[in-house]
Amino acid sequence: MVTFMAYALIVVFMILIMTKKLSPFVALASVPLLFGIVGQLMGLWNIDLGKAAFEGLKKTGPTAIMLLFAVLFFTLMIDAGLFDPLSNAMIKYAKGDPLKVMLATVFLSAGVSLNGDGTTTMIIVCSAFVPIYKKLHMKMLDLAVLTILSHSVLNLLPWGGPTARVITVLNLNESEVLRGLVPIIIFGTIYMIGVAYIMGRSERKRLGVTHFTDEQIQEMTTISDPELLAIRQPKKLFINFVLTAAVIVLLIWGIVPSAIIFIVATALGLMINYPKLSDQRARIEANLPDGGQVAMVVIAAGIFMGILAGTGMDKAIATSLSSVIPASWGSYWGLVVAFLSAPGTFFLSNDAFYYGVLPVLAEAGVNYGFTPLQLGFASLIGQAFHLLSPLVPFIYVLLRLTDVDMGQWQKKSALWAIGLFIVYLVVAVLFGLMPFKV
């Protein structure tokens with residue numbers, strides 16, 4: 001009966017999120033409590049539900065803090081104009097060569113994606129390149145494909161979303177996860193550069209090379225919005241670059257907890273760029289909604305995981321899965337999780353898959369001899385396809401700005417995403433992040 005309750009909890013949770021009856025935060029906080037109370041009344045378990053939920057909160061709290069301040073920090077750097085030189089340099093580099101334009105699209109998408117926010121990336125990249133694609137008569141479909149897939153690679157960073165969920169659910173160390181993701185991100189980016197080169201060669205052959213005048217390039221690289229100009233800090237570019245580089249080095253090094261790194265970096269960023277208290281308050285109020293929403297969901301996930309563990313529902317599901325899955329598959333469980341993560345994160349939201357399904361898969365995988373860290377990497381391989389899902393809100397921003405058809409975009413993106421999935425899988429196996437077999 002405990003197993004039935006556990007499956008019912010996961011199914012109800014996923015249905016409520018997929019049908020948008022409840023937000024992820026509300027569903028994570030309320031549904032497990034409801035099932036916990038019902039199971040208590042039925043005599044399935046006799047535990048202190050509040051204590052169980054709080055135990056979960058203690059595990060997710062540090063990750064929530066890290067995410068909150070990571071989003072605040074990188075958004076602050078965008079506000080200050082740290083990425084403007086990169087954007088302008090890409091435009092000047094590309095000029096009128098379709099091949100260079102597509103390579104620049106990947107470089108800019110990857111660079112801006114460091115902040116972990118998909119909407120921001122779509123707006124910045126499209127604002128920079130839509131005019132160029134139009135002037136050169138290039139295909140907007142190609143811009144949409146390159147932007148979303150390049151962003152999906154950098155979205156694997158611990159503050160990007162899916163990885164934060166994996167860290168939360170499996171109680172992993174952020175620095176250890178980041179070190180493992182570095183080769184995946186590097187080779188994924190190299191793959192996307194190759195994709196841009198292939199697509200660019202085709203467009204160069206079709207269109208030839210156009211030579212923009214200096215005046216045209218100047219127009220493309222000039223910010224005309226007075227609100228943006230008011231918050232830019234071009235004179236502080238170097239110190240912002242040094243601060244950001246130090247943050248990334250410390251994150252990979254792992255000698256300081258990531259939450260502390262981002263808290264201190266955010267405080268320094270505010271003091272350096274906006275000395276006036278009123279300006280600091282304005283930046284925090286403008287950027288807090290994005291970071292706050294992410295942190296709230298991760299905090300609520302602690303309740304979900306705490307009650308699932310405290311009631312024994314997680315172990316019940318793992319036991320049931322182990323009994324129905326052929327024993328011969330057990331030693332390849334990492335591959336099973338990797339392949340399940342592709343349709344899992346496409347047809348389900350990241351919240352539904354990582355909070356509802358991954359704990360079950362991980363519990364079974366541990367029984368087969370895999371570590372939570374290995375299964376965490378395996379579950380991220382399917383992210384090659386996730387951002388093609390209609391459940392991802394910011395893809396509609398991309399589709400609106402590029403004015404392309406979703407069906408055509410998904411079809412063309414999926415072809416290249418297959419290669420990205422294979423790159424992730426091969427790198428994970430070769431670098432020992434996810435053993436082919438235990």
# chains A, B, ... in the order shown; residues from 1 in each chain; ligands from 1
>>> select_by_dssp(residues="stretch 339-424 of chain A", states="alpha helix (DSSP H)", output="ChimeraX atom specification")
/A:339-347,350-351,358-367,372-380,383-386,395-402,406-424
>>> residues_around(residues="A:Tyr133", least_positions_apart="4", cutoff="10 Å", atoms="only C-alpha atoms", output="ChimeraX atom specification")
/A:96,98,101-102,126,128-129,137-140,142-143,402
>>> closest_residue(among="A:Thr311, A:Ser331, A:Thr63, A:Thr120", to="A:Pro257", atoms="only C-alpha atoms")
A:Thr63
>>> closest_residue(among="A:Leu99, A:Ile198, A:Leu82, A:Ala362", to="A:Ile231", atoms="only C-alpha atoms")
A:Leu82
>>> residues_around(residues="A:Leu181", least_positions_apart="5", cutoff="12 Å", atoms="only C-alpha atoms", output="ChimeraX atom specification")
/A:153-158,163,174-176,186-188,252,373-374,376-378,380-381,424-425,427-428,431-434
>>> atom_distance(atom1="atom CA of A:Met18", atom2="atom CA of A:Gly292")
21.7 Å
>>> residues_around(residues="stretch 37-53 of chain A", least_positions_apart="3", cutoff="6 Å", atoms="only C-alpha atoms", output="PyMOL selection string")
chain A and resi 34+56+303+306-307+310
>>> write_last_selection(atoms="C-alpha atoms", output="mmCIF file, in the first residue's frame")
data_model
loop_
_atom_site.group_PDB
_atom_site.id
_atom_site.type_symbol
_atom_site.label_atom_id
_atom_site.label_comp_id
_atom_site.auth_asym_id
_atom_site.auth_seq_id
_atom_site.Cartn_x
_atom_site.Cartn_y
_atom_site.Cartn_z
ATOM 1 C CA LEU A 34 -1.580 15.960 1.802
ATOM 2 C CA GLY A 56 14.336 17.938 3.524
ATOM 3 C CA ILE A 303 9.381 19.341 1.646
ATOM 4 C CA GLY A 306 11.768 15.075 3.042
ATOM 5 C CA ILE A 307 8.301 13.536 3.217
ATOM 6 C CA GLY A 310 10.541 10.084 5.899
#
>>> residues_around(residues="A:Ala301", least_positions_apart="2", cutoff="12 Å", atoms="only C-alpha atoms", output="number ranges by chain")
A: 13, 24-33, 53-61, 63-64, 164-171, 294-299, 303-308, 351-352, 354-356, 359
>>> write_last_selection(atoms="N, CA and C atoms", output="compact mmCIF listing (two decimals), in the first residue's frame")
# COMPACT_ATOMS: atom_id res chain seq x y z
N PHE A 13 1.14 14.67 -8.62
CA PHE A 13 2.05 15.82 -8.69
C PHE A 13 2.32 16.22 -10.14
N PRO A 24 4.59 24.90 -9.73
CA PRO A 24 5.53 23.94 -9.14
C PRO A 24 5.74 24.18 -7.64
N PHE A 25 5.84 25.44 -7.23
CA PHE A 25 6.06 25.74 -5.81
C PHE A 25 4.90 25.23 -4.95
N VAL A 26 3.68 25.54 -5.35
CA VAL A 26 2.51 25.13 -4.57
C VAL A 26 2.37 23.61 -4.56
N ALA A 27 2.60 22.97 -5.71
CA ALA A 27 2.47 21.51 -5.78
C ALA A 27 3.52 20.81 -4.92
N LEU A 28 4.76 21.31 -4.98
CA LEU A 28 5.83 20.68 -4.19
C LEU A 28 5.59 20.83 -2.69
N ALA A 29 5.00 21.94 -2.29
CA ALA A 29 4.80 22.20 -0.87
C ALA A 29 3.55 21.53 -0.31
N SER A 30 2.51 21.39 -1.13
CA SER A 30 1.23 20.93 -0.60
C SER A 30 0.91 19.47 -0.87
N VAL A 31 1.21 18.98 -2.07
CA VAL A 31 0.81 17.61 -2.43
C VAL A 31 1.45 16.56 -1.51
N PRO A 32 2.76 16.60 -1.26
CA PRO A 32 3.34 15.59 -0.36
C PRO A 32 2.78 15.67 1.06
N LEU A 33 2.50 16.88 1.52
CA LEU A 33 1.90 17.01 2.86
C LEU A 33 0.52 16.36 2.91
N ALA A 53 9.66 17.00 6.84
CA ALA A 53 9.72 18.08 5.85
C ALA A 53 10.90 19.00 6.13
N PHE A 54 11.14 19.27 7.40
CA PHE A 54 12.25 20.17 7.76
C PHE A 54 13.60 19.53 7.44
N GLU A 55 13.70 18.22 7.60
CA GLU A 55 14.94 17.53 7.23
C GLU A 55 15.23 17.72 5.75
N GLY A 56 14.17 17.69 4.95
CA GLY A 56 14.34 17.94 3.52
C GLY A 56 14.76 19.37 3.24
N LEU A 57 14.17 20.30 4.00
CA LEU A 57 14.52 21.72 3.82
C LEU A 57 15.99 21.98 4.13
N LYS A 58 16.53 21.29 5.12
CA LYS A 58 17.93 21.49 5.47
C LYS A 58 18.86 21.08 4.34
N LYS A 59 18.40 20.14 3.52
CA LYS A 59 19.23 19.68 2.40
C LYS A 59 19.12 20.62 1.20
N THR A 60 17.94 21.20 0.98
CA THR A 60 17.76 22.05 -0.21
C THR A 60 18.08 23.51 0.05
N GLY A 61 18.13 23.92 1.33
CA GLY A 61 18.36 25.32 1.66
C GLY A 61 19.61 25.91 1.03
N THR A 63 21.30 25.03 -1.59
CA THR A 63 21.16 25.13 -3.05
C THR A 63 20.25 26.29 -3.43
N ALA A 64 19.17 26.48 -2.69
CA ALA A 64 18.25 27.58 -2.97
C ALA A 64 18.95 28.93 -2.81
N ALA A 164 20.52 22.29 -10.93
CA ALA A 164 20.17 22.66 -9.55
C ALA A 164 19.15 21.69 -8.98
N ARG A 165 18.24 21.25 -9.80
CA ARG A 165 17.24 20.27 -9.35
C ARG A 165 17.89 18.94 -9.02
N VAL A 166 18.84 18.52 -9.88
CA VAL A 166 19.55 17.26 -9.63
C VAL A 166 20.34 17.34 -8.34
N ILE A 167 21.04 18.45 -8.14
CA ILE A 167 21.82 18.64 -6.91
C ILE A 167 20.91 18.57 -5.70
N THR A 168 19.75 19.19 -5.81
CA THR A 168 18.80 19.21 -4.70
C THR A 168 18.26 17.83 -4.39
N VAL A 169 17.80 17.14 -5.41
CA VAL A 169 17.16 15.84 -5.23
C VAL A 169 18.13 14.78 -4.73
N LEU A 170 19.34 14.78 -5.29
CA LEU A 170 20.32 13.74 -4.95
C LEU A 170 21.31 14.18 -3.87
N ASN A 171 21.14 15.40 -3.36
CA ASN A 171 21.99 15.92 -2.28
C ASN A 171 23.46 15.85 -2.67
N VAL A 294 12.94 30.88 -8.60
CA VAL A 294 13.74 29.65 -8.66
C VAL A 294 14.04 29.13 -7.26
N ALA A 295 14.43 30.02 -6.36
CA ALA A 295 14.77 29.62 -4.99
C ALA A 295 13.56 29.05 -4.26
N MET A 296 12.39 29.64 -4.48
CA MET A 296 11.16 29.15 -3.82
C MET A 296 10.86 27.71 -4.21
N VAL A 297 11.03 27.40 -5.49
CA VAL A 297 10.74 26.05 -5.97
C VAL A 297 11.70 25.04 -5.34
N VAL A 298 12.99 25.41 -5.28
CA VAL A 298 13.99 24.50 -4.70
C VAL A 298 13.72 24.29 -3.21
N ILE A 299 13.34 25.34 -2.51
CA ILE A 299 13.02 25.22 -1.09
C ILE A 299 11.83 24.29 -0.89
N ILE A 303 10.55 19.95 1.01
CA ILE A 303 9.38 19.34 1.65
C ILE A 303 9.02 18.05 0.93
N PHE A 304 9.00 18.12 -0.39
CA PHE A 304 8.67 16.94 -1.20
C PHE A 304 9.62 15.78 -0.89
N MET A 305 10.94 16.06 -0.96
CA MET A 305 11.92 15.01 -0.75
C MET A 305 11.94 14.53 0.70
N GLY A 306 11.76 15.46 1.63
CA GLY A 306 11.77 15.07 3.04
C GLY A 306 10.64 14.12 3.39
N ILE A 307 9.45 14.41 2.92
CA ILE A 307 8.30 13.54 3.22
C ILE A 307 8.41 12.22 2.45
N LEU A 308 8.89 12.28 1.22
CA LEU A 308 9.06 11.05 0.44
C LEU A 308 10.02 10.10 1.16
N ASP A 351 10.66 20.24 -13.40
CA ASP A 351 10.20 20.01 -12.02
C ASP A 351 9.57 18.63 -11.89
N ALA A 352 8.72 18.29 -12.85
CA ALA A 352 8.03 16.99 -12.78
C ALA A 352 9.01 15.83 -12.91
N TYR A 354 12.55 15.82 -12.55
CA TYR A 354 13.64 15.73 -11.57
C TYR A 354 13.14 15.59 -10.13
N TYR A 355 11.99 16.16 -9.83
CA TYR A 355 11.46 16.02 -8.47
C TYR A 355 10.55 14.81 -8.33
N GLY A 356 9.92 14.41 -9.43
CA GLY A 356 8.98 13.31 -9.34
C GLY A 356 9.51 11.96 -9.78
N PRO A 359 14.09 10.78 -8.35
CA PRO A 359 14.33 10.11 -7.06
C PRO A 359 14.06 8.61 -7.13
>>> residues_around(residues="A:Asp97", least_positions_apart="2", cutoff="7 Å", atoms="only C-alpha atoms", output="list in words")
Ala94, Lys95, Leu99, Lys100, Val101, Arg204, Val209 and Thr210 of chain A
>>> closest_residue(among="A:Ser328, A:Leu141, A:Leu103, A:Ala342", to="A:Gln410", atoms="only C-alpha atoms")
A:Leu141
>>> residues_around(residues="stretch 104-111 of chain A", least_positions_apart="5", cutoff="6 Å", atoms="only C-alpha atoms", output="list in words")
Met90, Thr147, Ser150 and His151 of chain A
>>> decode(residues="stretch 77-131 of chain A", atoms="C-alpha atoms", output="compact mmCIF listing (two decimals), in the first residue's frame")
# COMPACT_ATOMS: atom_id res chain seq x y z
CA MET A 77 26.57 41.90 -14.60
CA ILE A 78 24.25 42.07 -17.61
CA ASP A 79 22.72 45.28 -16.25
CA ALA A 80 26.19 46.79 -15.81
CA GLY A 81 27.03 45.94 -19.42
CA LEU A 82 29.62 43.20 -18.93
CA PHE A 83 28.34 41.29 -21.97
CA ASP A 84 27.92 44.33 -24.25
CA PRO A 85 31.51 44.17 -25.58
CA LEU A 86 31.01 40.49 -26.39
CA SER A 87 27.79 41.25 -28.24
CA ASN A 88 29.37 44.16 -30.14
CA ALA A 89 32.50 42.16 -30.91
CA MET A 90 30.43 39.34 -32.37
CA ILE A 91 28.55 41.77 -34.62
CA LYS A 92 31.79 43.39 -35.82
CA TYR A 93 33.41 39.98 -36.31
CA ALA A 94 30.48 38.61 -38.31
CA LYS A 95 30.10 41.66 -40.60
CA GLY A 96 28.29 40.37 -43.67
CA ASP A 97 29.59 36.80 -43.84
CA PRO A 98 26.79 34.26 -43.14
CA LEU A 99 29.35 31.75 -41.83
CA LYS A 100 30.78 34.24 -39.32
CA VAL A 101 27.28 35.38 -38.38
CA MET A 102 26.30 31.85 -37.39
CA LEU A 103 29.53 31.27 -35.46
CA ALA A 104 28.97 34.57 -33.67
CA THR A 105 25.42 33.49 -32.83
CA VAL A 106 26.79 30.47 -30.97
CA PHE A 107 29.50 32.48 -29.20
CA LEU A 108 27.08 35.16 -28.01
CA SER A 109 24.42 32.63 -26.96
CA ALA A 110 26.98 30.70 -24.93
CA GLY A 111 28.41 33.81 -23.31
CA VAL A 112 25.10 35.37 -22.31
CA SER A 113 23.77 32.01 -21.08
CA LEU A 114 26.19 32.19 -18.14
CA ASN A 115 23.48 33.96 -16.18
CA GLY A 116 21.25 30.87 -16.43
CA ASP A 117 18.16 32.75 -17.55
CA GLY A 118 16.70 31.62 -20.87
CA THR A 119 14.47 34.64 -21.44
CA THR A 120 17.39 37.05 -21.05
CA THR A 121 19.50 35.02 -23.47
CA MET A 122 16.78 34.90 -26.11
CA ILE A 123 16.19 38.66 -25.92
CA ILE A 124 19.87 39.66 -26.01
CA VAL A 125 20.86 37.30 -28.84
CA CYS A 126 17.80 38.04 -30.98
CA SER A 127 18.12 41.79 -30.43
CA ALA A 128 21.71 41.60 -31.70
CA PHE A 129 21.24 39.22 -34.62
CA VAL A 130 17.70 39.45 -35.98
CA PRO A 131 18.57 42.71 -37.84
